[in-house]
$ cat query-v9.cif   # mmCIF, C-alpha atoms
data_structure
loop_
_atom_site.label_atom_id
_atom_site.label_comp_id
_atom_site.auth_asym_id
_atom_site.auth_seq_id
_atom_site.Cartn_x
_atom_site.Cartn_y
_atom_site.Cartn_z
CA MET A 1 103.15 59.54 103.86
CA ALA A 2 100.83 61.75 101.80
CA LYS A 3 97.29 62.30 102.90
CA MET A 4 95.07 60.22 100.62
CA ASP A 5 91.76 61.95 101.28
CA GLN A 6 92.62 65.56 100.56
CA THR A 7 89.82 68.08 100.27
CA THR A 8 89.37 69.47 96.77
CA TRP A 9 87.61 72.73 96.06
CA VAL A 10 86.31 73.95 92.73
CA LEU A 11 86.14 77.66 91.93
CA VAL A 12 83.98 78.88 89.06
CA ALA A 13 84.21 82.61 88.47
CA ASP A 14 83.80 85.56 86.17
CA GLU A 15 84.13 89.30 86.75
CA ALA A 16 80.94 89.47 88.83
CA ILE A 17 80.58 86.17 90.71
CA ALA A 18 82.79 83.52 92.29
CA ARG A 19 81.31 80.22 93.43
CA PHE A 20 83.28 77.90 95.71
CA LEU A 21 82.29 74.23 95.73
CA GLU A 22 83.71 71.17 97.45
CA GLN A 23 84.23 67.76 95.95
CA PRO A 24 82.77 65.25 98.44
CA ALA A 25 85.17 62.47 99.46
CA GLU A 26 82.40 59.89 99.13
CA GLY A 27 81.48 61.01 95.62
CA GLY A 28 78.31 62.66 94.38
CA ASP A 29 77.70 66.19 93.16
CA LEU A 30 79.89 69.09 94.14
CA VAL A 31 78.64 70.84 97.27
CA PRO A 32 78.35 74.66 97.29
CA ILE A 33 80.50 76.18 100.05
CA GLU A 34 80.19 79.92 99.53
CA GLU A 35 79.72 82.60 96.92
CA MET A 36 81.19 86.05 96.37
CA THR A 37 79.73 88.75 94.16
CA ASP A 38 81.02 92.10 92.99
CA PRO A 39 78.10 94.55 93.03
CA ASN A 40 80.12 97.06 90.97
CA ALA A 41 80.43 94.53 88.15
CA HIS A 42 76.64 94.43 87.90
CA ALA A 43 76.58 98.05 86.72
CA SER A 44 75.80 98.01 83.04
CA ASN A 45 78.32 99.32 80.56
CA GLY A 46 75.78 102.02 79.76
CA GLU A 47 75.88 103.26 83.33
CA LEU A 48 79.67 103.39 83.24
CA ARG A 49 79.63 105.13 79.85
CA ASP A 50 76.96 107.66 80.92
CA ASP A 51 78.88 108.45 84.07
CA ALA A 52 82.09 109.00 82.10
CA THR A 53 80.24 111.14 79.54
CA GLY A 54 78.92 113.35 82.29
CA ARG A 55 82.38 113.93 83.74
CA ARG A 56 84.17 114.47 80.43
CA ALA A 57 81.58 116.54 78.58
CA GLY A 58 80.60 118.88 81.37
CA GLY A 59 77.35 117.03 81.97
CA GLN A 60 76.21 117.13 78.33
CA PRO A 61 75.75 113.90 76.41
CA ALA A 62 78.28 113.56 73.57
CA SER A 63 75.52 113.70 70.95
CA ARG A 64 74.69 117.33 71.92
CA LEU A 65 78.17 118.73 71.61
CA GLY A 66 78.87 121.11 68.71
CA GLY A 67 75.33 122.48 68.20
CA GLY A 68 73.53 119.12 68.22
CA GLN A 69 75.93 117.39 65.83
CA PRO A 70 77.21 114.01 67.01
CA HIS A 71 80.79 114.15 68.19
CA THR A 72 82.11 110.61 67.79
CA ALA A 73 85.62 111.21 69.12
CA GLN A 74 84.21 112.18 72.51
CA GLY A 75 82.01 109.08 72.51
CA ASN A 76 85.01 106.83 71.86
CA ALA A 77 86.93 108.40 74.75
CA THR A 78 84.09 107.69 77.15
CA VAL A 79 83.78 104.09 76.02
CA SER A 80 87.49 103.63 76.78
CA ALA A 81 86.99 105.23 80.17
CA GLY A 82 84.14 102.83 80.92
CA GLN A 83 86.17 99.83 79.79
CA ASN A 84 89.09 100.95 81.92
CA GLU A 85 86.82 101.28 84.96
CA SER A 86 85.39 97.82 84.27
CA HIS A 87 88.91 96.37 84.08
CA LYS A 88 89.86 97.98 87.41
CA GLU A 89 86.75 96.48 89.02
CA ALA A 90 87.62 93.05 87.62
CA GLU A 91 91.21 93.31 88.91
CA GLN A 92 89.94 94.23 92.38
CA PHE A 93 87.45 91.36 92.38
CA ALA A 94 90.23 88.95 91.34
CA ARG A 95 92.32 90.18 94.29
CA ASP A 96 89.33 89.73 96.63
CA VAL A 97 88.73 86.16 95.40
CA ALA A 98 92.45 85.37 95.71
CA ALA A 99 92.49 86.74 99.27
CA ARG A 100 89.50 84.56 100.20
CA LEU A 101 91.27 81.50 98.80
CA THR A 102 94.39 82.34 100.79
CA GLU A 103 92.30 82.63 103.99
CA ARG A 104 90.58 79.31 103.36
CA LEU A 105 93.86 77.56 102.56
CA GLN A 106 95.37 78.88 105.81
CA GLN A 107 92.31 77.48 107.60
CA ARG A 108 93.07 74.13 105.90
CA ARG A 109 89.64 74.05 104.28
CA PHE A 110 91.12 72.62 101.06
CA GLN A 111 94.36 71.11 99.82
CA ALA A 112 93.63 70.99 96.07
CA LEU A 113 91.92 73.54 93.85
CA LYS A 114 90.33 73.34 90.41
CA ILE A 115 89.42 76.57 88.63
CA ALA A 116 87.10 77.46 85.75
CA ALA A 117 86.91 81.15 84.93
CA ALA A 118 86.03 83.39 82.03
CA PRO A 119 89.27 83.77 80.00
CA ARG A 120 90.04 87.40 80.86
CA PHE A 121 89.19 86.88 84.53
CA LEU A 122 91.30 83.70 84.70
CA GLY A 123 94.33 85.77 83.67
CA LEU A 124 93.61 88.35 86.36
CA LEU A 125 93.06 85.63 88.94
CA ARG A 126 96.36 83.89 88.10
CA LYS A 127 98.20 87.17 88.74
CA ALA A 128 96.40 87.67 92.07
CA LEU A 129 96.85 84.17 93.56
CA SER A 130 99.41 83.73 96.30
CA GLN A 131 102.19 81.24 95.67
CA GLN A 132 100.68 78.91 98.27
CA VAL A 133 97.26 78.85 96.58
CA ALA A 134 98.77 78.60 93.09
CA ALA A 135 100.65 75.49 94.23
CA THR A 136 97.34 73.76 95.05
CA VAL A 137 95.82 74.29 91.57
CA THR A 138 95.43 70.91 89.86
CA GLN A 139 93.19 71.91 86.95
CA GLU A 140 92.22 75.09 85.08
CA MET A 141 89.57 75.75 82.44
CA ASP A 142 89.21 79.05 80.60
CA LYS A 143 85.42 78.80 80.42
CA GLU A 144 82.63 80.84 81.95
CA LEU A 145 80.66 78.27 84.00
CA THR A 146 79.24 80.36 86.84
CA HIS A 147 75.65 79.57 85.87
CA ASP A 148 76.13 75.80 85.55
CA SER A 149 74.45 73.57 88.12
CA ALA A 150 76.43 71.61 90.69
CA ALA A 151 75.60 68.42 88.76
CA ALA A 152 76.93 69.87 85.48
CA LEU A 153 80.08 71.11 87.22
CA THR A 154 80.56 67.68 88.78
CA GLN A 155 80.51 66.13 85.31
CA ARG A 156 83.23 68.55 84.20
CA PHE A 157 85.47 68.36 87.26
CA ALA A 158 84.78 65.08 89.03
CA PRO A 159 83.19 62.57 86.67
CA PRO A 160 82.17 59.31 88.36
CA GLN A 161 84.97 56.77 88.39
CA PRO A 162 84.21 53.18 87.47
CA LYS A 163 84.02 50.95 90.50
CA GLN A 164 86.91 48.59 90.92
CA ASP A 165 86.74 45.26 92.69
CA PHE A 166 89.67 44.67 94.93
CA LYS A 167 90.69 41.13 95.67
CA ILE A 168 92.46 40.28 98.86
#
$ encode --input "query-v9.cif" --output "structure tokens"
Amino acid sequence: MAKMDQTTWVLVADEAIARFLEQPAEGGDLVPIEEMTDPNAHASNGELRDDATGRRAGGQPASRLGGGQPHTAQGNATVSAGQNESHKEAEQFARDVAARLTERLQQRRFQALKIAAAPRFLGLLRKALSQQVAATVTQEMDKELTHDSAAALTQRFAPPQPKQDFKI
């Protein structure tokens, strides 16, 4: 006989934050369980680009190369380097989130999982999930909802069900 009152978790995530919430069995708003953040994802693209410029141009900003004339090809290479670094950080964060979900599933903290994640991060997360965790996923949304309140998330994932009168 299947367990009727399974614990459902909701994960909302992007490349910098992952919020884990639990759907209460008795109804009501989702309850925050824990949160993970990736401090490297909080570095601005400018910081990544400046760092790459320093390494690739011998410490000189791209705009000073060639006697003060802008050198756009060098600037494009550093933007790609920054984007690549950002992608690597996002992949690592997806693996970290997936590992946390695997731990919590092994601890039997949840039996069902609903996920909302920024589109690019959702793809990375799907690749990183273990087969066991992937089997618990009952709903996915490719939306960035990390800043939504628990009440707003409840409306999206666990809208109130109409009460039913049971006759004996």
$ closest_residue --input "query-v9.cif" --among "A:Leu125, A:Met36, A:Leu113, A:Ala99" --to "A:Gln23" --atoms "only C-alpha atoms"
A:Leu113
$ atom_distance --input "query-v9.cif" --atom1 "atom CA of A:Leu11" --atom2 "atom CA of A:Ile115"
4.8 Å
$ residues_around --input "query-v9.cif" --residues "A:Gln106" --least-positions-apart "6" --cutoff "10 Å" --atoms "only C-alpha atoms" --output "PyMOL selection string"
chain A and resi 100+132-133
$ residues_around --input "query-v9.cif" --residues "A:Glu35" --least-positions-apart "6" --cutoff "10 Å" --atoms "all atoms listed in the file" --output "list in words"
Leu11, Val12, Ala13, Ile17, Ala18, Arg19, Phe20, Leu21 and Val97 of chain A
$ residues_near_point --input "query-v9.cif" --point "(88.9, 95.7, 91.4)" --cutoff "12 Å" --atoms "all atoms listed in the file" --output "VMD selection string"
chain A and resid 15 to 16 37 to 41 84 to 98 121 124 to 125 128
$ atom_distance --input "query-v9.cif" --atom1 "atom CA of A:Ala117" --atom2 "atom CA of A:Leu153"
12.4 Å
$ atom_distance --input "query-v9.cif" --atom1 "atom CA of A:Leu145" --atom2 "atom CA of A:Gln107"
26.3 Å
$ closest_residue --input "query-v9.cif" --among "A:Leu122, A:Leu101, A:Ala152, A:Ala116" --to "A:Thr136" --atoms "all atoms listed in the file"
A:Leu101
$ residues_around --input "query-v9.cif" --residues "stretch 154-158 of chain A" --least-positions-apart "2" --cutoff "9 Å" --atoms "only C-alpha atoms" --output "list in words"
Val10, Gln23, Gly27, Gly28, Asp29, Leu30, Lys114, Gln139, Ser149, Ala150, Ala151, Ala152, Pro160 and Gln161 of chain A
